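The next block is start-v4.cif, given as mmCIF, C-alpha atoms and all ligand atoms.
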```
data_work
#
loop_
_atom_site.label_atom_id
_atom_site.label_comp_id
_atom_site.auth_asym_id
_atom_site.auth_seq_id
_atom_site.Cartn_x
_atom_site.Cartn_y
_atom_site.Cartn_z
CA MET A 14 118.89 155.82 9.56
CA GLN A 15 117.58 159.40 9.66
CA SER A 16 116.91 159.19 13.38
CA ALA A 17 120.48 157.98 13.99
CA LEU A 18 121.86 160.91 12.02
CA ASP A 19 119.66 163.36 13.92
CA ARG A 20 120.88 161.93 17.22
CA ALA A 21 124.48 162.10 15.99
CA ARG A 22 124.07 165.77 15.15
CA GLU A 23 122.71 166.48 18.62
CA LEU A 24 125.67 164.67 20.20
CA ASP A 25 128.10 166.64 18.01
CA ALA A 26 126.43 169.93 18.94
CA ALA A 27 126.84 169.11 22.63
CA ASP A 28 130.44 167.82 22.28
CA PRO A 29 132.85 169.82 24.48
CA LEU A 30 135.83 168.51 22.46
CA ALA A 31 134.43 169.47 19.04
CA ARG A 32 136.94 172.29 18.51
CA PHE A 33 139.87 169.86 18.42
CA ARG A 34 138.84 168.59 14.98
CA GLU A 35 140.11 171.89 13.55
CA GLU A 36 143.55 171.07 14.90
CA PHE A 37 143.92 168.37 12.23
CA VAL A 38 144.51 168.41 8.49
CA ILE A 39 141.23 167.25 6.97
CA GLU A 40 141.50 167.79 3.23
CA ASP A 41 138.30 166.03 2.20
CA PRO A 42 135.47 166.11 4.73
CA GLU A 43 133.59 163.52 2.63
CA VAL A 44 136.12 160.86 3.61
CA ILE A 45 135.15 159.22 6.89
CA TYR A 46 138.43 158.22 8.49
CA LEU A 47 137.97 155.48 11.09
CA ASP A 48 141.53 154.17 11.11
CA GLY A 49 143.10 156.54 13.63
CA ASN A 50 143.74 153.47 15.77
CA SER A 51 146.25 152.39 13.11
CA LEU A 52 147.62 155.69 11.79
CA GLY A 53 146.37 158.89 13.41
CA ARG A 54 145.60 162.01 11.38
CA MET A 55 148.20 164.74 11.03
CA PRO A 56 147.95 167.62 13.50
CA ARG A 57 148.15 171.02 11.75
CA ARG A 58 150.83 172.21 14.14
CA THR A 59 153.13 169.37 13.10
CA LEU A 60 153.75 171.03 9.73
CA PRO A 61 155.42 174.26 11.01
CA LEU A 62 157.28 172.24 13.63
CA MET A 63 158.81 170.01 10.97
CA GLN A 64 159.47 173.00 8.73
CA GLU A 65 161.44 174.60 11.57
CA LEU A 66 163.24 171.37 12.37
CA LEU A 67 164.37 170.88 8.77
CA ALA A 68 165.06 174.46 7.71
CA GLN A 69 166.37 175.94 10.95
CA GLN A 70 167.70 173.18 13.16
CA TRP A 71 169.16 170.99 10.46
CA GLY A 72 169.52 173.38 7.51
CA SER A 73 171.05 176.33 9.36
CA GLU A 74 172.29 175.12 12.71
CA LEU A 75 173.65 171.81 11.47
CA ILE A 76 175.46 169.71 14.06
CA ARG A 77 175.11 172.44 16.69
CA SER A 78 171.49 171.32 17.06
CA TRP A 79 172.54 168.09 18.76
CA PRO A 80 173.41 169.72 22.09
CA ASP A 81 170.98 172.62 21.66
CA SER A 82 167.80 170.82 20.59
CA TRP A 83 168.13 167.12 19.89
CA LEU A 84 170.04 165.25 22.61
CA SER A 85 167.39 165.85 25.22
CA LEU A 86 164.45 164.95 22.96
CA PRO A 87 164.07 161.26 24.00
CA SER A 88 163.70 162.15 27.68
CA GLN A 89 161.83 165.42 27.09
CA LEU A 90 159.18 163.67 24.99
CA GLY A 91 159.23 160.74 27.40
CA ALA A 92 158.29 163.12 30.21
CA LYS A 93 155.32 164.35 28.15
CA ILE A 94 154.08 160.81 27.55
CA ALA A 95 154.61 160.05 31.26
CA GLN A 96 151.73 162.43 32.02
CA LEU A 97 149.40 160.27 29.91
CA ILE A 98 150.33 156.93 31.41
CA GLY A 99 150.58 157.69 35.12
CA ALA A 100 154.37 157.59 35.31
CA GLN A 101 157.14 159.90 36.58
CA ASP A 102 159.08 162.13 34.18
CA ASP A 103 162.22 160.02 34.42
CA GLU A 104 160.50 156.69 33.87
CA VAL A 105 159.71 157.08 30.15
CA LEU A 106 161.97 157.35 27.12
CA VAL A 107 161.06 157.88 23.46
CA CYS A 108 163.22 155.76 21.15
CA ASP A 109 163.30 153.03 18.50
CA SER A 110 160.16 151.09 17.47
CA THR A 111 157.74 149.27 19.76
CA SER A 112 159.07 145.90 18.63
CA VAL A 113 162.69 146.88 19.36
CA ASN A 114 161.77 148.34 22.75
CA LEU A 115 159.88 145.17 23.56
CA TYR A 116 162.96 143.15 22.67
CA LYS A 117 165.19 145.26 24.91
CA LEU A 118 162.87 145.16 27.92
CA VAL A 119 161.95 141.47 27.70
CA HIS A 120 165.59 140.51 27.47
CA ALA A 121 166.46 142.73 30.42
CA ALA A 122 163.55 141.44 32.50
CA LEU A 123 164.42 137.77 31.97
CA ALA A 124 167.95 138.38 33.22
CA LEU A 125 166.50 139.53 36.55
CA HIS A 126 164.95 136.10 37.15
CA PRO A 127 167.59 133.60 36.00
CA GLY A 128 165.90 130.69 37.80
CA ARG A 129 162.57 131.04 36.02
CA THR A 130 161.87 129.28 32.78
CA GLU A 131 158.80 130.82 31.21
CA ILE A 132 157.45 133.89 29.40
CA LEU A 133 153.65 134.20 29.56
CA THR A 134 151.40 136.06 27.10
CA ASP A 135 148.05 135.33 25.45
CA GLY A 136 146.62 134.61 22.01
CA ALA A 137 145.14 138.10 21.68
CA ASN A 138 148.55 139.79 21.80
CA PHE A 139 149.88 141.48 18.65
CA PRO A 140 151.78 139.14 16.27
CA SER A 141 154.93 141.29 16.30
CA ASP A 142 155.01 140.89 20.08
CA TRP A 143 154.66 137.14 19.65
CA TYR A 144 157.52 137.03 17.12
CA VAL A 145 159.81 139.02 19.41
CA LEU A 146 158.92 136.83 22.39
CA ALA A 147 159.36 133.59 20.43
CA GLY A 148 162.77 134.74 19.16
CA ILE A 149 163.99 135.59 22.65
CA ALA A 150 162.54 132.42 24.15
CA GLU A 151 164.40 130.33 21.60
CA LYS A 152 167.74 132.07 22.20
CA THR A 153 167.49 132.09 26.00
CA SER A 154 165.88 128.63 26.38
CA HIS A 155 162.68 129.93 27.95
CA SER A 156 159.32 128.47 27.11
CA LEU A 157 156.64 130.76 25.70
CA ARG A 158 153.12 130.07 26.95
CA GLY A 159 150.02 131.66 25.37
CA GLN A 160 147.25 130.77 27.80
CA GLY A 161 146.44 130.42 31.49
CA GLY A 162 147.75 132.41 34.45
CA PRO A 163 151.20 133.04 35.92
CA ASP A 164 152.83 130.43 38.17
CA GLU A 165 156.12 129.89 39.98
CA ASN A 166 157.94 129.27 36.67
CA THR A 167 156.82 132.56 35.12
CA ALA A 168 159.57 135.15 34.79
CA LEU A 169 157.47 137.68 32.88
CA LEU A 170 153.81 138.25 32.03
CA THR A 171 153.44 140.44 28.93
CA LEU A 172 150.13 141.48 27.37
CA SER A 173 148.55 144.15 25.19
CA HIS A 174 146.60 146.52 27.44
CA VAL A 175 143.98 146.86 24.69
CA THR A 176 143.98 144.01 22.18
CA PHE A 177 144.31 144.87 18.52
CA LYS A 178 141.51 142.74 17.09
CA SER A 179 138.61 142.88 19.53
CA GLY A 180 139.59 146.12 21.26
CA GLU A 181 139.25 144.50 24.67
CA LEU A 182 140.72 146.51 27.56
CA TYR A 183 142.43 144.39 30.22
CA ASP A 184 142.40 145.01 33.96
CA MET A 185 146.01 146.10 34.39
CA ALA A 186 145.85 146.41 38.18
CA ALA A 187 144.36 142.95 38.76
CA LEU A 188 146.60 141.13 36.27
CA THR A 189 149.73 142.85 37.58
CA LYS A 190 148.78 141.86 41.11
CA GLU A 191 148.25 138.27 40.04
CA ALA A 192 151.67 138.17 38.36
CA HIS A 193 153.41 139.76 41.35
CA ALA A 194 151.78 137.26 43.71
CA GLN A 195 153.68 134.58 41.73
CA GLY A 196 156.89 136.59 41.76
CA ALA A 197 156.71 137.43 38.02
CA LEU A 198 157.37 140.81 36.40
CA THR A 199 154.85 142.48 34.06
CA LEU A 200 155.35 144.25 30.75
CA TRP A 201 152.39 146.05 29.17
CA ASP A 202 152.12 146.97 25.50
CA LEU A 203 150.18 150.25 25.50
CA SER A 204 150.08 150.71 21.70
CA HIS A 205 146.27 150.60 21.55
CA SER A 206 145.61 152.32 24.87
CA VAL A 207 147.98 155.30 25.13
CA GLY A 208 146.06 158.44 24.24
CA ALA A 209 142.79 156.51 24.10
CA VAL A 210 142.21 155.34 27.65
CA PRO A 211 143.70 156.64 30.90
CA VAL A 212 146.66 154.49 31.94
CA HIS A 213 147.96 154.43 35.53
CA LEU A 214 151.24 152.51 35.46
CA ILE A 215 152.46 153.53 38.92
CA ALA A 216 149.07 153.06 40.59
CA CYS A 217 148.83 149.60 38.99
CA ASN A 218 152.35 148.74 40.16
CA ALA A 219 153.35 147.89 36.59
CA ASP A 220 157.02 147.11 36.10
CA LEU A 221 157.62 147.74 32.41
CA ALA A 222 155.74 149.03 29.39
CA VAL A 223 156.19 149.88 25.71
CA GLY A 224 153.91 151.62 23.24
CA CYS A 225 153.68 153.27 19.88
CA THR A 226 153.04 156.91 18.98
CA TYR A 227 151.58 156.78 15.47
CA LYS A 228 148.15 155.51 16.55
CA TYR A 229 146.18 157.62 19.07
CA LEU A 230 149.17 159.95 19.64
CA ASN A 231 149.09 161.11 15.99
CA ALA A 232 152.87 161.37 15.57
CA GLY A 233 153.00 160.08 11.98
CA PRO A 234 154.02 156.97 10.05
CA GLY A 235 156.79 155.03 11.77
CA SER A 236 157.22 157.65 14.51
CA SER A 237 159.46 156.65 17.41
CA ALA A 238 157.94 154.46 20.13
CA PHE A 239 158.43 154.69 23.91
CA LEU A 240 159.38 152.52 26.83
CA TYR A 241 158.65 152.74 30.56
CA ILE A 242 160.75 151.29 33.38
CA ARG A 243 159.64 151.63 37.00
CA ARG A 244 162.24 153.79 38.69
CA ASP A 245 163.49 151.24 41.22
CA LEU A 246 164.13 148.71 38.43
CA GLN A 247 166.17 151.02 36.23
CA GLU A 248 169.57 150.39 37.82
CA GLN A 249 168.97 146.64 37.90
CA LEU A 250 168.22 146.24 34.21
CA ARG A 251 170.74 146.05 31.38
CA ASN A 252 170.05 146.99 27.77
CA PRO A 253 170.85 143.92 25.63
CA ILE A 254 171.72 146.17 22.68
CA GLN A 255 174.77 148.00 24.00
CA GLY A 256 175.22 151.07 21.86
CA TRP A 257 177.02 154.34 22.44
CA PHE A 258 173.92 156.32 23.41
CA GLY A 259 173.32 153.94 26.31
CA ARG A 260 176.90 154.25 27.52
CA ASP A 261 178.06 156.50 30.28
CA ASN A 262 179.92 159.47 28.79
CA ALA A 263 179.72 158.29 25.17
CA PHE A 264 181.96 161.06 23.90
CA ASP A 265 185.07 159.86 25.67
CA PHE A 266 184.96 157.12 23.03
CA GLY A 267 186.45 154.54 25.38
CA LEU A 268 186.18 150.95 24.22
CA ASP A 269 184.71 149.60 27.46
CA TYR A 270 180.91 149.63 27.96
CA ARG A 271 179.48 151.12 31.14
CA PRO A 272 175.73 151.71 31.18
CA ARG A 273 174.41 155.21 31.87
CA THR A 274 172.51 155.73 35.09
CA GLY A 275 168.73 155.63 35.01
CA ILE A 276 166.50 154.94 32.05
CA ASP A 277 168.93 156.55 29.55
CA ARG A 278 170.84 153.26 29.44
CA PHE A 279 167.98 151.97 27.27
CA LEU A 280 168.95 154.29 24.45
CA THR A 281 170.98 152.49 21.82
CA GLY A 282 172.13 154.52 18.79
CA SER A 283 171.42 158.06 17.59
CA PRO A 284 167.83 159.01 18.39
CA ASN A 285 165.57 159.21 15.27
CA ILE A 286 165.04 162.95 15.57
CA LEU A 287 162.93 163.30 12.41
CA SER A 288 160.51 160.57 13.51
CA MET A 289 160.50 161.69 17.10
CA ALA A 290 159.80 165.40 16.89
CA PRO A 291 156.11 164.99 15.87
CA VAL A 292 155.44 163.18 19.15
CA GLY A 293 155.44 166.64 20.79
CA PRO A 294 152.39 168.19 19.10
CA GLY A 295 150.60 164.84 19.07
CA VAL A 296 150.83 164.42 22.83
CA ASP A 297 150.20 168.12 23.52
CA LEU A 298 146.80 167.88 21.86
CA ILE A 299 145.83 164.93 24.04
CA LEU A 300 147.00 166.76 27.16
CA GLU A 301 145.07 169.89 26.17
CA ALA A 302 141.86 167.93 25.60
CA GLY A 303 142.40 165.89 28.79
CA ILE A 304 142.60 162.10 28.69
CA GLU A 305 139.56 161.70 30.97
CA ASN A 306 137.47 163.88 28.61
CA LEU A 307 138.71 161.90 25.62
CA ARG A 308 137.81 158.65 27.34
CA ALA A 309 134.30 159.92 28.09
CA LYS A 310 133.75 160.84 24.44
CA SER A 311 135.35 157.62 23.22
CA LEU A 312 132.94 155.56 25.33
CA GLN A 313 130.01 157.64 24.10
CA GLN A 314 131.15 156.95 20.53
CA THR A 315 131.76 153.22 20.93
CA ASP A 316 128.40 152.95 22.77
CA PHE A 317 126.76 154.74 19.86
CA LEU A 318 128.37 152.34 17.36
CA ILE A 319 127.21 149.35 19.38
CA GLU A 320 123.63 150.70 19.43
CA LEU A 321 123.76 151.23 15.67
CA TRP A 322 125.16 147.72 15.20
CA GLN A 323 122.27 146.27 17.17
CA GLU A 324 119.67 148.18 15.21
CA HIS A 325 121.13 148.07 11.68
CA LEU A 326 124.06 145.65 11.32
CA ALA A 327 123.02 142.64 13.41
CA PRO A 328 119.98 142.06 11.12
CA LEU A 329 122.43 141.98 8.16
CA GLY A 330 124.49 139.18 9.72
CA PHE A 331 127.22 141.18 11.48
CA THR A 332 128.44 140.02 14.89
CA LEU A 333 129.89 142.28 17.57
CA ASN A 334 133.48 141.19 18.31
CA THR A 335 134.10 143.84 21.00
CA PRO A 336 133.05 143.57 24.66
CA THR A 337 129.82 145.40 25.44
CA GLU A 338 130.83 146.41 29.00
CA PRO A 339 132.39 149.88 28.80
CA HIS A 340 135.17 149.13 31.30
CA ARG A 341 136.36 146.26 29.08
CA ARG A 342 136.48 148.31 25.89
CA GLY A 343 139.27 150.36 24.30
CA SER A 344 138.52 152.89 21.57
CA HIS A 345 137.67 150.77 18.54
CA VAL A 346 134.74 148.51 17.76
CA SER A 347 135.14 145.35 15.67
CA PHE A 348 132.23 144.08 13.64
CA GLY A 349 132.46 140.50 12.43
CA HIS A 350 131.20 139.23 9.07
CA PRO A 351 132.21 136.25 6.90
CA ASP A 352 132.81 138.71 4.00
CA ALA A 353 134.54 141.29 6.19
CA LEU A 354 137.51 141.85 3.89
CA ALA A 355 135.32 142.42 0.81
CA ILE A 356 133.08 144.79 2.79
CA ASP A 357 136.11 146.69 4.08
CA LEU A 358 137.44 147.08 0.51
CA ALA A 359 134.04 148.21 -0.78
CA LEU A 360 133.80 150.79 2.02
CA ILE A 361 137.22 152.19 1.10
CA ASN A 362 136.81 152.10 -2.69
CA GLU A 363 133.12 152.82 -3.17
CA ALA A 364 131.89 154.60 -0.07
CA ASN A 365 134.62 156.98 1.16
CA VAL A 366 134.81 155.21 4.51
CA ILE A 367 138.24 154.10 5.78
CA PRO A 368 138.07 151.45 8.49
CA ASP A 369 140.41 148.46 8.43
CA PHE A 370 140.26 144.69 8.33
CA ARG A 371 141.88 142.20 10.67
CA THR A 372 141.79 138.53 9.88
CA PRO A 373 139.68 136.43 9.95
CA ASP A 374 136.49 138.47 10.06
CA ASN A 375 136.97 141.83 11.79
CA ILE A 376 136.13 145.25 10.39
CA ARG A 377 137.55 147.72 12.90
CA PHE A 378 135.97 151.14 13.38
CA GLY A 379 138.43 153.28 15.32
CA CYS A 380 136.97 156.15 17.33
CA THR A 381 139.52 158.93 17.79
CA PRO A 382 137.62 161.48 19.84
CA LEU A 383 139.96 164.37 19.00
CA TYR A 384 138.58 164.40 15.46
CA THR A 385 135.92 161.71 14.92
CA THR A 386 132.36 163.07 14.87
CA PHE A 387 129.18 161.22 15.77
CA ALA A 388 127.78 162.15 12.34
CA GLU A 389 130.71 160.33 10.73
CA LEU A 390 129.86 157.20 12.71
CA ALA A 391 126.16 157.35 11.75
CA ASN A 392 127.05 157.94 8.08
CA ALA A 393 129.58 155.12 8.07
CA ILE A 394 126.94 152.69 9.34
CA ALA A 395 124.48 153.96 6.73
CA ARG A 396 127.09 153.38 4.01
CA ILE A 397 127.76 149.81 5.22
CA CYS A 398 124.01 149.15 5.00
CA THR A 399 123.94 150.47 1.42
CA ILE A 400 126.89 148.28 0.44
CA MET A 401 125.14 145.25 1.89
CA GLU A 402 121.76 146.04 0.37
CA THR A 403 123.13 146.76 -3.11
CA GLY A 404 125.61 143.86 -2.91
CA THR A 405 128.51 146.09 -4.14
CA TYR A 406 130.90 144.32 -1.79
CA LYS A 407 130.56 141.09 -3.80
CA HIS A 408 132.88 142.53 -6.49
CA TYR A 409 135.65 142.50 -3.88
CA CYS A 410 135.28 138.91 -2.72
CA GLY A 411 138.56 137.03 -3.21
CA GLN A 412 140.78 140.14 -3.40
CA VAL A 413 143.74 140.21 -1.04
CA PRO A 414 145.52 143.59 -0.79
CA ALA A 415 149.11 143.94 0.49
CA ILE A 416 148.07 146.05 3.47
CA THR A 417 144.79 145.90 5.32
C1 LIG A 501 150.91 148.84 16.58
C2 LIG A 501 151.47 147.89 17.55
C3 LIG A 501 152.84 147.63 17.57
C4 LIG A 501 153.73 148.28 16.55
O1 LIG A 501 155.04 147.88 16.61
P1 LIG A 501 156.14 148.65 15.75
O2 LIG A 501 157.36 147.93 16.07
O3 LIG A 501 156.17 150.08 16.25
O4 LIG A 501 155.73 148.59 14.33
C5 LIG A 501 153.33 146.75 18.53
N1 LIG A 501 152.51 146.17 19.42
C6 LIG A 501 151.18 146.40 19.43
C7 LIG A 501 150.30 145.76 20.45
C8 LIG A 501 150.63 147.25 18.48
O5 LIG A 501 149.31 147.48 18.47
#
```
Could the structure of this file be written out as structure tokens, please?
Amino acid sequence: MQSALDRARELDAADPLARFREEFVIEDPEVIYLDGNSLGRMPRRTLPLMQELLAQQWGSELIRSWPDSWLSLPSQLGAKIAQLIGAQDDEVLVCDSTSVNLYKLVHAALALHPGRTEILTDGANFPSDWYVLAGIAEKTSHSLRGQGGPDENTALLTLSHVTFKSGELYDMAALTKEAHAQGALTLWDLSHSVGAVPVHLIACNADLAVGCTYKYLNAGPGSSAFLYIRRDLQEQLRNPIQGWFGRDNAFDFGLDYRPRTGIDRFLTGSPNILSMAPVGPGVDLILEAGIENLRAKSLQQTDFLIELWQEHLAPLGFTLNTPTEPHRRGSHVSFGHPDALAIDLALINEANVIPDFRTPDNIRFGCTPLYTTFAELANAIARICTIMETGTYKHYCGQVPAIT
């Protein structure tokens, strides 16, 4: 493993993004954090921002902060995210959670195609997406199909852009084209791609998208999600959850509902200001580093992990559950092993490495190029080897924690 560590140190020394690691709170450099694909680290600049928000905006200014600082936040932060996903400023809104945004957009999309009977997704999509789709399908009498391509019955094709288990990156342009050729709309879940891979929604002709901000955008636990609606669709779609923030001129308090113009109609209730504000510094850091530069480093890092797997983990019985072709890979690598959960727990509890586990056999190593170093990757692989060679992981066989 020494040669791997030497190579890692050379790669770190040559890394043009190395300075961004200092932008994050890293209390214990011995802990190798490889779960930024699930909950990103906290940017240092988020702390003074939240301090100001609580003490000044809420504490001192009180309700006056709504017009002065808060009302515009969903669209202001949406415009920031738009720069990362190849959209226009007025096509993205920050609000609610990913699951709720998915619900709103799927419902709205189905209403555009009343004659079509089917929602199409695939088995690699995130379970929450499946639950939302199944619930809507049941209520609206659509069928939900999980395999094959779009056809003349398909109202909507919805997929994860990068899948959560294997980290496979889908060809958004080709799949969108295929759906459009059948007259179906597309909705992309960008939760595992935003901030990790360049996304070009307009260039791909995508209709709708949702995504989360607490993974690669580092906005904190439960931070507000976002939604995208192609501009020419905005006036045609109706928000199924009609709340006052989506109503034209909410403060006349009339009892009739008239949707606002543009994407703002997809707001529902009061924006979650406290969970939304940290999206700002999170996205700023990505914009400062440049998404193309981050992608280049991410591919270098996932390539490095795959090389180390081949050399050190494959002989110990690990499979590679992530595509080897770079253009089909997001920013995490999944290693498969029959004792994956026990190995994951041993890494966390005995080896100061924090990856995560996804059933049935995946240990996910998330590469977050703003702060992950090559040395961390080499050391993490060395620590897996130690756990396997000493058999420490066997103490954890049969344990099932509440959160993996
Ligand atoms: C993380 C993730 C979500 C999260 O949904 P929330 O409602 O914000 O908890 C949804 N979809 C995908 C594909 C995800 O990876």
Kindly provide the residues of chain A that approach ligand LIG 501 (chain A) to within 10 Å, each paired with its closest atom pair and their distance in Å to one decimal, based on all atoms listed in the file, listed by chain and increasing number, as a tab-separated table.
```
residue	atom	partner	partner_atom	distance
A:Asn50	CA	A:LIG501	C1	8.6
A:Ser51	CA	A:LIG501	C1	6.8
A:Leu52	CA	A:LIG501	C1	9.0
A:Asp109	CA	A:LIG501	O3	8.0
A:Ser110	CA	A:LIG501	O3	4.3
A:Thr111	CA	A:LIG501	O3	3.9
A:Ser112	CA	A:LIG501	O2	3.7
A:Val113	CA	A:LIG501	O2	6.4
A:Asn114	CA	A:LIG501	O2	8.0
A:Leu115	CA	A:LIG501	O2	8.4
A:Tyr116	CA	A:LIG501	O2	9.9
A:Ala137	CA	A:LIG501	C7	9.3
A:Asn138	CA	A:LIG501	C7	6.4
A:Phe139	CA	A:LIG501	C7	4.7
A:Pro140	CA	A:LIG501	N1	7.7
A:Ser141	CA	A:LIG501	C5	6.1
A:Asp142	CA	A:LIG501	N1	5.9
A:Trp143	CA	A:LIG501	N1	9.3
A:Val145	CA	A:LIG501	O2	9.8
A:Leu172	CA	A:LIG501	C7	8.1
A:Ser173	CA	A:LIG501	C7	5.3
A:His174	CA	A:LIG501	C7	7.9
A:Val175	CA	A:LIG501	C7	7.7
A:Thr176	CA	A:LIG501	C7	6.8
A:Phe177	CA	A:LIG501	O5	5.6
A:Lys178	CA	A:LIG501	O5	9.2
A:Trp201	CA	A:LIG501	C7	9.0
A:Asp202	CA	A:LIG501	C7	5.5
A:Leu203	CA	A:LIG501	C7	6.8
A:Ser204	CA	A:LIG501	O5	4.6
A:His205	CA	A:LIG501	O5	5.3
A:Ser206	CA	A:LIG501	O5	8.8
A:Val223	CA	A:LIG501	N1	8.2
A:Gly224	CA	A:LIG501	C5	6.8
A:Cys225	CA	A:LIG501	O3	5.4
A:Thr226	CA	A:LIG501	O3	8.0
A:Tyr227	CA	A:LIG501	C1	8.0
A:Lys228	CA	A:LIG501	C1	7.2
A:Pro234	CA	A:LIG501	O3	9.5
A:Gly235	CA	A:LIG501	O3	6.7
A:Ser236	CA	A:LIG501	O3	7.8
A:Ser237	CA	A:LIG501	O3	7.4
A:Ala238	CA	A:LIG501	O3	6.1
A:Phe239	CA	A:LIG501	O3	9.2
```
**Asked** Please, which residues are within 12 Å of (177.0, 162.1, 26.4) by the file's coordinates, counting only C-alpha atoms, and could they come as a list in words?
**Response** Trp79, Pro80, Leu84, Ser85, Trp257, Phe258, Gly259, Arg260, Asp261, Asn262, Ala263, Phe264, Asp265, Phe266, Pro272, Arg273, Thr274, Asp277, Arg278, Leu280, Gly282 and Ser283 of chain A
**Request:** Would you work out the distance separating CA of Ile361 in chain A from CA of Ala395 in chain A, expressed in Å to one decimal?
**Result:**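 Computing the Euclidean distance for CA of Ile361 in chain A and CA of Ala395 in chain A yields 14.0 Å.
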**Asked** Pick from A:Ile76, A:Ala21, A:Ala186, A:Ala122: nearest to Ile242 in chain A, with all atoms listed in the file counted?
**Response**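 Result for the nearest residue to Ile242 in chain A: A:Ala122.
If you measure from each of A:Ser179, A:Ile286, A:Glu191, A:Asn392 to Asn375 in chain A using all atoms listed in the file, the closest one turns out to be A:Ser179.
Remark: for Gln70 in chain A, the closest of the candidate residues A:Leu390, A:Leu287, A:Ile149, A:Pro373 is A:Leu287 (distances computed over only C-alpha atoms).
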**Asked** Of the candidates A:Arg158, A:Arg243, A:Arg58, A:Arg271, which shows the shortest atom-to-atom distance to Asp297 in chain A, using all atoms listed in the file?
**Response**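 Going through A:Arg158, A:Arg243, A:Arg58, A:Arg271 one by one, the smallest distance to Asp297 in chain A is for A:Arg58.
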**Complete:** With distances taken over all atoms listed in the file, the candidate from A:Thr386, A:Asn334, A:Thr403, A:Ser78 nearest Arg371 in chain A is A:Asn334
**Asked** Taking (133.5, 155.5, -1.5) in the file's coordinates, which residues come within 10 Å, counting all atoms listed in the file, written as a PyMOL selection string?
**Response** chain A and resi 43-45+358-367+396+400
**Two-atom distance - CA of Leu326 in chain A, CA of Ile394 in chain A (Å)** =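 That distance, rounded to one decimal, is 7.9 Å.
Of note, CA of Thr130 in chain A and CA of Glu165 in chain A are spaced 9.2 Å apart.
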Distance query Ala92 in chain A at most 8 Å, only C-alpha atoms, self and fewer than 2 positions along chain excluded, as a CSV table (one decimal) with C-alpha atoms, keeping the file's coordinate frame:
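around.csv was written with the following content:
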```
chain,number,residue,atom,x,y,z
A,88,SER,CA,163.7,162.2,27.7
A,89,GLN,CA,161.8,165.4,27.1
A,90,LEU,CA,159.2,163.7,25.0
A,94,ILE,CA,154.1,160.8,27.6
A,95,ALA,CA,154.6,160.0,31.3
A,96,GLN,CA,151.7,162.4,32.0
A,101,GLN,CA,157.1,159.9,36.6
A,102,ASP,CA,159.1,162.1,34.2
A,103,ASP,CA,162.2,160.0,34.4
A,104,GLU,CA,160.5,156.7,33.9
A,105,VAL,CA,159.7,157.1,30.2
A,106,LEU,CA,162.0,157.4,27.1
```
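The nearest approach to Val119 in chain A among the residues A:Leu240, A:Ala68, A:Leu182, A:Ile276, with only C-alpha atoms taken into account, belongs to A:Leu240.
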Put the listed atoms of range 279-296 of chain A in a box along x, y and z with 6 Å added on every side and give me the centre and edge lengths in Å to one decimal, as JSON.
```
{"center_x": 161.4, "center_y": 160.1, "center_z": 19.8, "size_x": 33.5, "size_y": 28.2, "size_z": 26.9}
```
**Request:** Write out as a list in words the residues lying within 7 Å of His345 in chain A, counting all atoms listed in the file and excluding same-chain residues fewer than 2 positions away.
**Result:**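 Counting all atoms listed in the file, the residues come to Gly180, Thr315, Gly343, Ser347, Arg377, Phe378, Gly379 and Cys380 of chain A.
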Produce a file of the selected residues containing C-alpha atoms, as a PDB file, in the coordinates of the input.
```
ATOM      1  CA  GLY A 180     139.590 146.120  21.260  1.00  0.00           C
ATOM      2  CA  THR A 315     131.760 153.220  20.930  1.00  0.00           C
ATOM      3  CA  GLY A 343     139.270 150.360  24.300  1.00  0.00           C
ATOM      4  CA  SER A 347     135.140 145.350  15.670  1.00  0.00           C
ATOM      5  CA  ARG A 377     137.550 147.720  12.900  1.00  0.00           C
ATOM      6  CA  PHE A 378     135.970 151.140  13.380  1.00  0.00           C
ATOM      7  CA  GLY A 379     138.430 153.280  15.320  1.00  0.00           C
ATOM      8  CA  CYS A 380     136.970 156.150  17.330  1.00  0.00           C
TER       9      CYS A 380
END
```
